[in-house]
file data39.tsv (TSV, C-alpha atoms and all ligand atoms)
chain	number	residue	atom	x	y	z
A	21	MET	CA	98.06	140.72	116.13
A	22	GLY	CA	98.40	144.44	115.60
A	23	LEU	CA	95.65	146.91	114.95
A	24	TYR	CA	96.20	150.06	112.96
A	25	THR	CA	94.13	152.83	111.45
A	26	THR	CA	94.73	154.52	108.14
A	27	GLU	CA	92.85	156.53	105.61
A	28	ALA	CA	92.91	154.99	102.17
A	29	VAL	CA	91.23	154.86	98.78
A	30	VAL	CA	89.90	151.54	97.44
A	31	VAL	CA	91.75	151.08	94.14
A	32	GLY	CA	90.80	147.49	93.37
A	33	TYR	CA	89.09	144.38	94.66
A	34	ARG	CA	88.34	140.78	93.87
A	35	ASP	CA	85.64	138.58	95.31
A	36	LEU	CA	86.65	135.76	97.60
A	37	GLY	CA	84.42	132.84	98.54
A	38	GLU	CA	80.75	133.53	99.03
A	39	ALA	CA	80.68	136.83	100.83
A	40	ASP	CA	84.22	138.15	101.20
A	41	ARG	CA	86.28	140.48	99.12
A	42	ILE	CA	90.01	141.17	98.92
A	43	LEU	CA	90.54	144.90	98.64
A	44	THR	CA	93.52	146.78	97.30
A	45	LEU	CA	93.80	149.98	99.28
A	46	PHE	CA	96.13	152.87	98.65
A	47	SER	CA	97.17	154.66	101.83
A	48	PRO	CA	99.41	157.65	102.51
A	49	GLU	CA	101.63	155.78	104.98
A	50	LYS	CA	102.04	152.36	103.40
A	51	GLY	CA	101.09	152.77	99.77
A	52	LYS	CA	99.33	149.63	98.57
A	53	ILE	CA	97.70	147.40	101.16
A	54	HIS	CA	95.86	144.16	100.42
A	55	ALA	CA	93.17	143.44	102.99
A	56	VAL	CA	90.26	141.08	103.25
A	57	ALA	CA	86.80	142.49	104.04
A	58	ARG	CA	84.89	139.57	105.49
A	59	GLY	CA	81.17	139.29	104.82
A	60	VAL	CA	81.18	142.53	102.84
A	61	ARG	CA	78.96	141.16	100.07
A	62	ARG	CA	76.18	140.24	102.51
A	63	PRO	CA	73.23	142.60	102.59
A	64	ARG	CA	73.53	145.20	105.33
A	65	SER	CA	77.24	144.56	105.88
A	66	PRO	CA	78.58	147.54	107.86
A	67	LEU	CA	81.67	147.46	105.66
A	68	MET	CA	79.80	147.80	102.37
A	69	ALA	CA	79.63	151.59	101.91
A	70	GLY	CA	83.23	152.29	102.74
A	71	THR	CA	84.78	149.51	100.67
A	72	GLN	CA	83.38	150.11	97.18
A	73	LEU	CA	85.73	150.93	94.34
A	74	PHE	CA	87.02	154.55	94.72
A	75	SER	CA	85.63	154.92	98.24
A	76	TYR	CA	87.82	157.16	100.36
A	77	SER	CA	87.51	155.88	103.90
A	78	LYS	CA	89.13	155.65	107.26
A	79	PHE	CA	89.99	152.02	107.99
A	80	LEU	CA	90.69	150.05	111.15
A	81	LEU	CA	92.81	147.12	110.03
A	82	VAL	CA	94.06	143.99	111.74
A	83	GLU	CA	97.51	142.81	110.73
A	84	GLY	CA	97.52	139.25	109.52
A	85	LYS	CA	100.29	136.80	108.74
A	86	ASN	CA	99.66	136.95	105.01
A	87	LEU	CA	96.84	139.39	104.60
A	88	ASP	CA	95.49	142.19	106.77
A	89	SER	CA	91.76	142.34	107.38
A	90	VAL	CA	89.30	145.19	107.66
A	91	SER	CA	87.78	145.45	111.12
A	92	GLN	CA	85.88	148.72	110.64
A	93	CYS	CA	85.63	151.46	108.08
A	94	GLU	CA	84.12	154.90	107.97
A	95	LEU	CA	83.28	156.41	104.59
A	96	LYS	CA	84.67	159.92	104.01
A	97	GLU	CA	83.80	160.34	100.30
A	98	SER	CA	82.00	157.94	97.98
A	99	PHE	CA	82.57	159.76	94.65
A	100	PHE	CA	79.03	158.93	93.58
A	101	LYS	CA	79.33	161.22	90.54
A	102	ILE	CA	81.92	158.82	89.17
A	103	ARG	CA	79.93	155.77	90.12
A	104	GLU	CA	76.71	156.93	88.46
A	105	ASP	CA	78.41	157.65	85.12
A	106	LEU	CA	79.63	154.65	83.11
A	107	ASP	CA	82.25	156.62	81.17
A	108	ARG	CA	83.72	158.12	84.32
A	109	MET	CA	83.67	154.68	85.97
A	110	ALA	CA	85.59	153.20	83.04
A	111	TYR	CA	88.23	155.93	83.20
A	112	GLY	CA	88.46	155.70	86.98
A	113	ALA	CA	89.01	151.96	86.71
A	114	TYR	CA	91.82	152.61	84.22
A	115	PHE	CA	93.46	155.19	86.51
A	116	ALA	CA	93.20	152.79	89.46
A	117	GLU	CA	94.76	149.96	87.45
A	118	LEU	CA	97.64	152.18	86.29
A	119	LEU	CA	98.24	153.13	89.90
A	120	ARG	CA	98.20	149.49	91.04
A	121	LEU	CA	100.53	148.36	88.29
A	122	SER	CA	103.05	151.14	88.67
A	123	THR	CA	103.45	151.40	92.44
A	124	ARG	CA	104.88	149.31	95.19
A	125	GLU	CA	105.07	150.16	98.85
A	126	CYS	CA	107.05	153.27	98.19
A	127	ASP	CA	108.42	156.17	100.13
A	128	LYS	CA	106.43	158.60	98.03
A	129	SER	CA	103.12	157.08	99.09
A	130	GLU	CA	101.82	160.25	100.72
A	131	GLU	CA	102.37	162.28	97.55
A	132	VAL	CA	100.93	159.58	95.30
A	133	PHE	CA	97.94	159.17	97.62
A	134	ARG	CA	97.16	162.93	97.50
A	135	PHE	CA	97.58	162.88	93.73
A	136	PHE	CA	95.15	159.98	93.30
A	137	LEU	CA	92.59	161.52	95.63
A	138	LYS	CA	92.78	164.74	93.62
A	139	THR	CA	92.35	162.67	90.44
A	140	LEU	CA	89.06	161.28	91.77
A	141	PHE	CA	87.76	164.74	92.69
A	142	LEU	CA	88.71	166.01	89.22
A	143	LEU	CA	87.19	162.96	87.52
A	144	GLU	CA	83.79	164.03	88.86
A	145	VAL	CA	83.92	167.28	86.88
A	146	TRP	CA	86.46	166.99	84.02
A	147	GLU	CA	84.74	167.28	80.66
A	148	ASP	CA	87.24	165.88	78.19
A	149	LEU	CA	87.93	162.44	79.66
A	150	PRO	CA	90.44	161.22	77.05
A	151	LEU	CA	92.48	164.37	77.63
A	152	MET	CA	92.25	163.84	81.38
A	153	ALA	CA	93.65	160.34	80.84
A	154	ARG	CA	96.66	161.83	79.03
A	155	ALA	CA	97.22	164.30	81.89
A	156	PHE	CA	96.90	161.50	84.46
A	157	GLU	CA	99.37	159.26	82.63
A	158	LEU	CA	102.02	161.96	82.32
A	159	LYS	CA	101.60	163.31	85.84
A	160	LEU	CA	101.63	159.85	87.43
A	161	MET	CA	104.80	158.87	85.55
A	162	ALA	CA	106.43	162.16	86.56
A	163	LEU	CA	105.48	161.66	90.20
A	164	LEU	CA	106.98	158.17	90.19
A	165	GLY	CA	110.20	159.48	88.65
A	166	PHE	CA	109.65	158.31	85.06
A	167	ALA	CA	108.72	161.58	83.41
A	168	PRO	CA	109.63	161.54	79.73
A	169	GLN	CA	112.20	164.17	78.74
A	170	VAL	CA	110.21	166.53	76.54
A	171	PHE	CA	112.17	169.75	76.99
A	172	CYS	CA	115.31	168.86	75.03
A	173	CYS	CA	116.73	166.03	72.93
A	174	VAL	CA	117.28	163.12	75.30
A	175	ASN	CA	120.48	162.19	73.44
A	176	CYS	CA	122.31	165.44	72.71
A	177	GLY	CA	120.46	168.02	74.77
A	178	GLU	CA	119.45	170.16	71.77
A	179	LYS	CA	116.60	172.46	72.74
A	180	ARG	CA	115.75	174.07	69.43
A	181	MET	CA	114.11	171.58	67.15
A	182	GLU	CA	112.34	172.13	63.91
A	183	ASN	CA	111.07	168.54	64.04
A	184	ALA	CA	110.96	166.14	66.96
A	185	TRP	CA	110.53	162.40	67.44
A	186	PHE	CA	109.39	160.67	70.60
A	187	GLY	CA	111.22	157.50	71.62
A	188	SER	CA	109.74	155.45	74.45
A	189	LEU	CA	112.88	153.34	74.61
A	190	SER	CA	115.02	156.48	74.90
A	191	GLY	CA	112.66	158.04	77.42
A	192	GLY	CA	111.88	161.27	75.59
A	193	ILE	CA	112.21	163.36	72.48
A	194	LEU	CA	114.97	163.10	69.88
A	195	CYS	CA	116.15	165.70	67.40
A	196	GLU	CA	116.54	165.17	63.67
A	197	LYS	CA	120.22	164.27	64.13
A	198	CYS	CA	119.60	161.68	66.87
A	199	LYS	CA	116.29	160.16	65.82
A	200	ASP	CA	117.89	157.08	64.26
A	201	ARG	CA	119.18	155.98	67.66
A	202	ASP	CA	115.66	154.83	68.47
A	203	GLU	CA	114.19	152.96	65.54
A	204	LYS	CA	110.74	152.94	67.09
A	205	ALA	CA	110.66	156.71	67.64
A	206	ILE	CA	107.40	158.37	66.59
A	207	LYS	CA	107.33	161.73	64.80
A	208	ILE	CA	105.60	164.26	66.98
A	209	SER	CA	104.23	167.67	65.98
A	210	LYS	CA	105.28	170.90	67.67
A	211	GLU	CA	101.74	171.40	68.91
A	212	THR	CA	101.56	167.98	70.57
A	213	LEU	CA	104.95	168.50	72.15
A	214	ALA	CA	103.76	171.86	73.48
A	215	VAL	CA	100.72	170.17	75.05
A	216	MET	CA	102.92	167.54	76.73
A	217	ARG	CA	105.12	170.29	78.17
A	218	HIS	CA	102.06	172.20	79.30
A	219	ILE	CA	100.67	169.14	81.11
A	220	LEU	CA	103.95	168.50	82.89
A	221	LYS	CA	104.43	172.14	83.91
A	222	LYS	CA	100.93	173.12	84.97
A	223	ARG	CA	99.09	172.18	88.11
A	224	TYR	CA	96.63	169.32	87.66
A	225	GLU	CA	93.51	171.34	88.41
A	226	GLU	CA	94.57	174.05	85.94
A	227	LEU	CA	94.39	171.47	83.15
A	228	ALA	CA	90.73	170.59	83.60
A	229	LYS	CA	89.73	173.35	81.20
A	230	LEU	CA	92.35	172.47	78.57
A	231	GLN	CA	91.06	172.09	75.02
A	232	VAL	CA	93.01	170.70	72.08
A	233	ASN	CA	91.97	169.62	68.59
A	234	SER	CA	91.37	165.99	67.70
A	235	GLN	CA	94.58	165.67	65.70
A	236	ILE	CA	96.71	166.62	68.70
A	237	LYS	CA	94.61	164.42	70.93
A	238	GLY	CA	95.18	161.46	68.62
A	239	GLU	CA	98.92	162.04	68.49
A	240	LEU	CA	99.17	162.52	72.22
A	241	LYS	CA	97.29	159.28	72.82
A	242	LYS	CA	99.63	157.36	70.53
A	243	VAL	CA	102.78	158.75	72.13
A	244	ASN	CA	101.54	158.50	75.73
A	245	LEU	CA	100.28	154.95	75.45
A	246	ASP	CA	103.45	153.83	73.72
A	247	PHE	CA	105.43	155.32	76.61
A	248	VAL	CA	103.16	154.02	79.39
A	249	LEU	CA	103.00	150.48	77.98
A	250	HIS	CA	106.77	150.49	77.61
A	251	GLN	CA	107.12	151.46	81.28
A	252	LEU	CA	104.57	148.91	82.50
A	253	GLU	CA	105.67	146.15	80.13
A	254	ARG	CA	102.06	145.03	79.89
A	255	LYS	CA	98.72	146.29	78.73
A	256	PRO	CA	96.22	147.20	81.46
A	257	ARG	CA	92.99	145.20	81.24
A	258	THR	CA	90.91	148.35	81.71
A	259	LEU	CA	92.63	149.99	78.73
A	260	ARG	CA	91.36	147.18	76.51
A	261	PHE	CA	87.91	147.83	77.91
A	262	LEU	CA	88.12	151.56	77.11
A	263	GLU	CA	89.20	150.68	73.59
A	264	ASP	CA	86.43	148.11	73.22
A	265	ILE	CA	83.75	150.61	74.08
A	266	SER	CA	85.53	153.23	71.91
A	267	LEU	CA	85.83	155.75	74.66
A	268	LEU	CA	89.48	156.51	74.35
A	301	ZN	ZN	119.77	165.18	69.52

call {"tool": "encode", "arguments": {"input": "data39.tsv", "output": "structure tokens", "more": "lines below"}}
Ligand SMILES: [Zn+2]
result
Amino acid sequence: MGLYTTEAVVVGYRDLGEADRILTLFSPEKGKIHAVARGVRRPRSPLMAGTQLFSYSKFLLVEGKNLDSVSQCELKESFFKIREDLDRMAYGAYFAELLRLSTRECDKSEEVFRFFLKTLFLLEVWEDLPLMARAFELKLMALLGFAPQVFCCVNCGEKRMENAWFGSLSGGILCEKCKDRDEKAIKISKETLAVMRHILKKRYEELAKLQVNSQIKGELKKVNLDFVLHQLERKPRTLRFLEDISLL
């Protein structure tokens, strides 16, 4: 039975039995880790503070045959500004689900971990949450190697386009000449395309002040979600929730 320590963010959980909880942690060294926190739902459990959703903690874990277990944890950051705001909670839950669905134990864990931690810090202060979701989706996909090609036609390489279409199946934009190659391609305005390029080029924290009109936001949402759902091949549960409460 091996013991190991790691810092990690809690990106998901489900209750187990009467007092336990299975956590999904995201760590810099191992990416996703599933670990059981025994007795965590009992009052005064020493594990409670450090194992809540979004908690960034240092964990002492015991390797198990099927599932590791949490022996100790020390809270580093609770992100209470997210937790006390229902809208921010709902978006955070969506970001965490996207992360869980799109990552395995991967060699880019360190980079993805830093990115997600930065996302949580930004989620405490970002004003336009739907726009933040668009930035998160594009940046996460890019980090995992699935960035859509938005700088030239994905089929012929044409850079100068009067009109452009976005094809999730093709993985990027198509010019007038090539648009019929992807029958599900969506027409996209120059302005929306410029915002997508801006998001992919700029640093995450520089985008927190970005403002765009509602038409661009609507178009960006349509294109992004089409692309993300195509990549994931399923619809995240938390996205339905955001839609149900009309936040998106
Ligand atoms: Zn083309």

call {"tool": "closest_residue", "arguments": {"input": "data39.tsv", "among": "A:Leu259, A:Cys172, A:Val243, A:Leu252", "to": "ligand ZN 301 (chain A)", "atoms": "all atoms listed in the file"}}
result
A:Cys172

call {"tool": "residues_around", "arguments": {"input": "data39.tsv", "residues": "A:Ser190", "least_positions_apart": "5", "cutoff": "12 Å", "atoms": "all atoms listed in the file", "output": "PyMOL selection string"}}
result
chain A and resi 166-170+173-176+185+195+198-206+246-247+250-251

call {"tool": "atom_distance", "arguments": {"input": "data39.tsv", "atom1": "atom CA of A:Leu163", "atom2": "atom CA of A:Gln72"}}
result
25.9 Å

call {"tool": "atom_distance", "arguments": {"input": "data39.tsv", "atom1": "atom CA of A:Met181", "atom2": "atom CA of A:Ile193"}}
result
10.0 Å

call {"tool": "atom_distance", "arguments": {"input": "data39.tsv", "atom1": "atom CA of A:Ser266", "atom2": "atom CA of A:Phe115"}}
result
16.7 Å

call {"tool": "closest_residue", "arguments": {"input": "data39.tsv", "among": "A:Val248, A:Phe74, A:Ser129, A:Leu81", "to": "A:Leu189", "atoms": "all atoms listed in the file"}}
result
A:Val248

call {"tool": "residues_around", "arguments": {"input": "data39.tsv", "residues": "A:Leu119", "least_positions_apart": "3", "cutoff": "10 Å", "atoms": "only C-alpha atoms", "output": "number ranges by chain"}}
result
A: 31-32, 46, 52, 113-116, 122-124, 132-133, 136, 157, 160-161

call {"tool": "closest_residue", "arguments": {"input": "data39.tsv", "among": "A:Lys138, A:Lys101, A:Lys159, A:His218", "to": "A:Phe171", "atoms": "only C-alpha atoms"}}
result
A:His218

call {"tool": "closest_residue", "arguments": {"input": "data39.tsv", "among": "A:Leu142, A:Ala184, A:Val215, A:Val232", "to": "ligand ZN 301 (chain A)", "atoms": "all atoms listed in the file"}}
result
A:Ala184

call {"tool": "closest_residue", "arguments": {"input": "data39.tsv", "among": "A:Gly192, A:Gly51, A:Gly112, A:Gly84", "to": "ligand ZN 301 (chain A)", "atoms": "all atoms listed in the file"}}
result
A:Gly192

call {"tool": "closest_residue", "arguments": {"input": "data39.tsv", "among": "A:Leu245, A:Ala55, A:Met152, A:Leu194", "to": "A:Lys85", "atoms": "only C-alpha atoms"}}
result
A:Ala55

call {"tool": "residues_near_point", "arguments": {"input": "data39.tsv", "point": "(84.8, 153.1, 107.6)", "cutoff": "12 Å", "atoms": "all atoms listed in the file", "output": "count of residues only"}}
result
31

call {"tool": "residues_around", "arguments": {"input": "data39.tsv", "residues": "A:Gly59", "least_positions_apart": "4", "cutoff": "8 Å", "atoms": "all atoms listed in the file", "output": "VMD selection string"}}
result
chain A and resid 39 to 41 65

call {"tool": "write_last_selection", "arguments": {"input": "data39.tsv", "atoms": "C-alpha atoms", "output": "PDB file, keeping the file's coordinate frame"}}
result
ATOM      1  CA  ALA A  39      80.680 136.830 100.830  1.00  0.00           C
ATOM      2  CA  ASP A  40      84.220 138.150 101.200  1.00  0.00           C
ATOM      3  CA  ARG A  41      86.280 140.480  99.120  1.00  0.00           C
ATOM      4  CA  SER A  65      77.240 144.560 105.880  1.00  0.00           C
TER       5      SER A  65
END

call {"tool": "residues_around", "arguments": {"input": "data39.tsv", "residues": "A:Gln235", "least_positions_apart": "4", "cutoff": "9 Å", "atoms": "only C-alpha atoms", "output": "list of chain:residue names"}}
result
A:Thr212, A:Glu239, A:Leu240
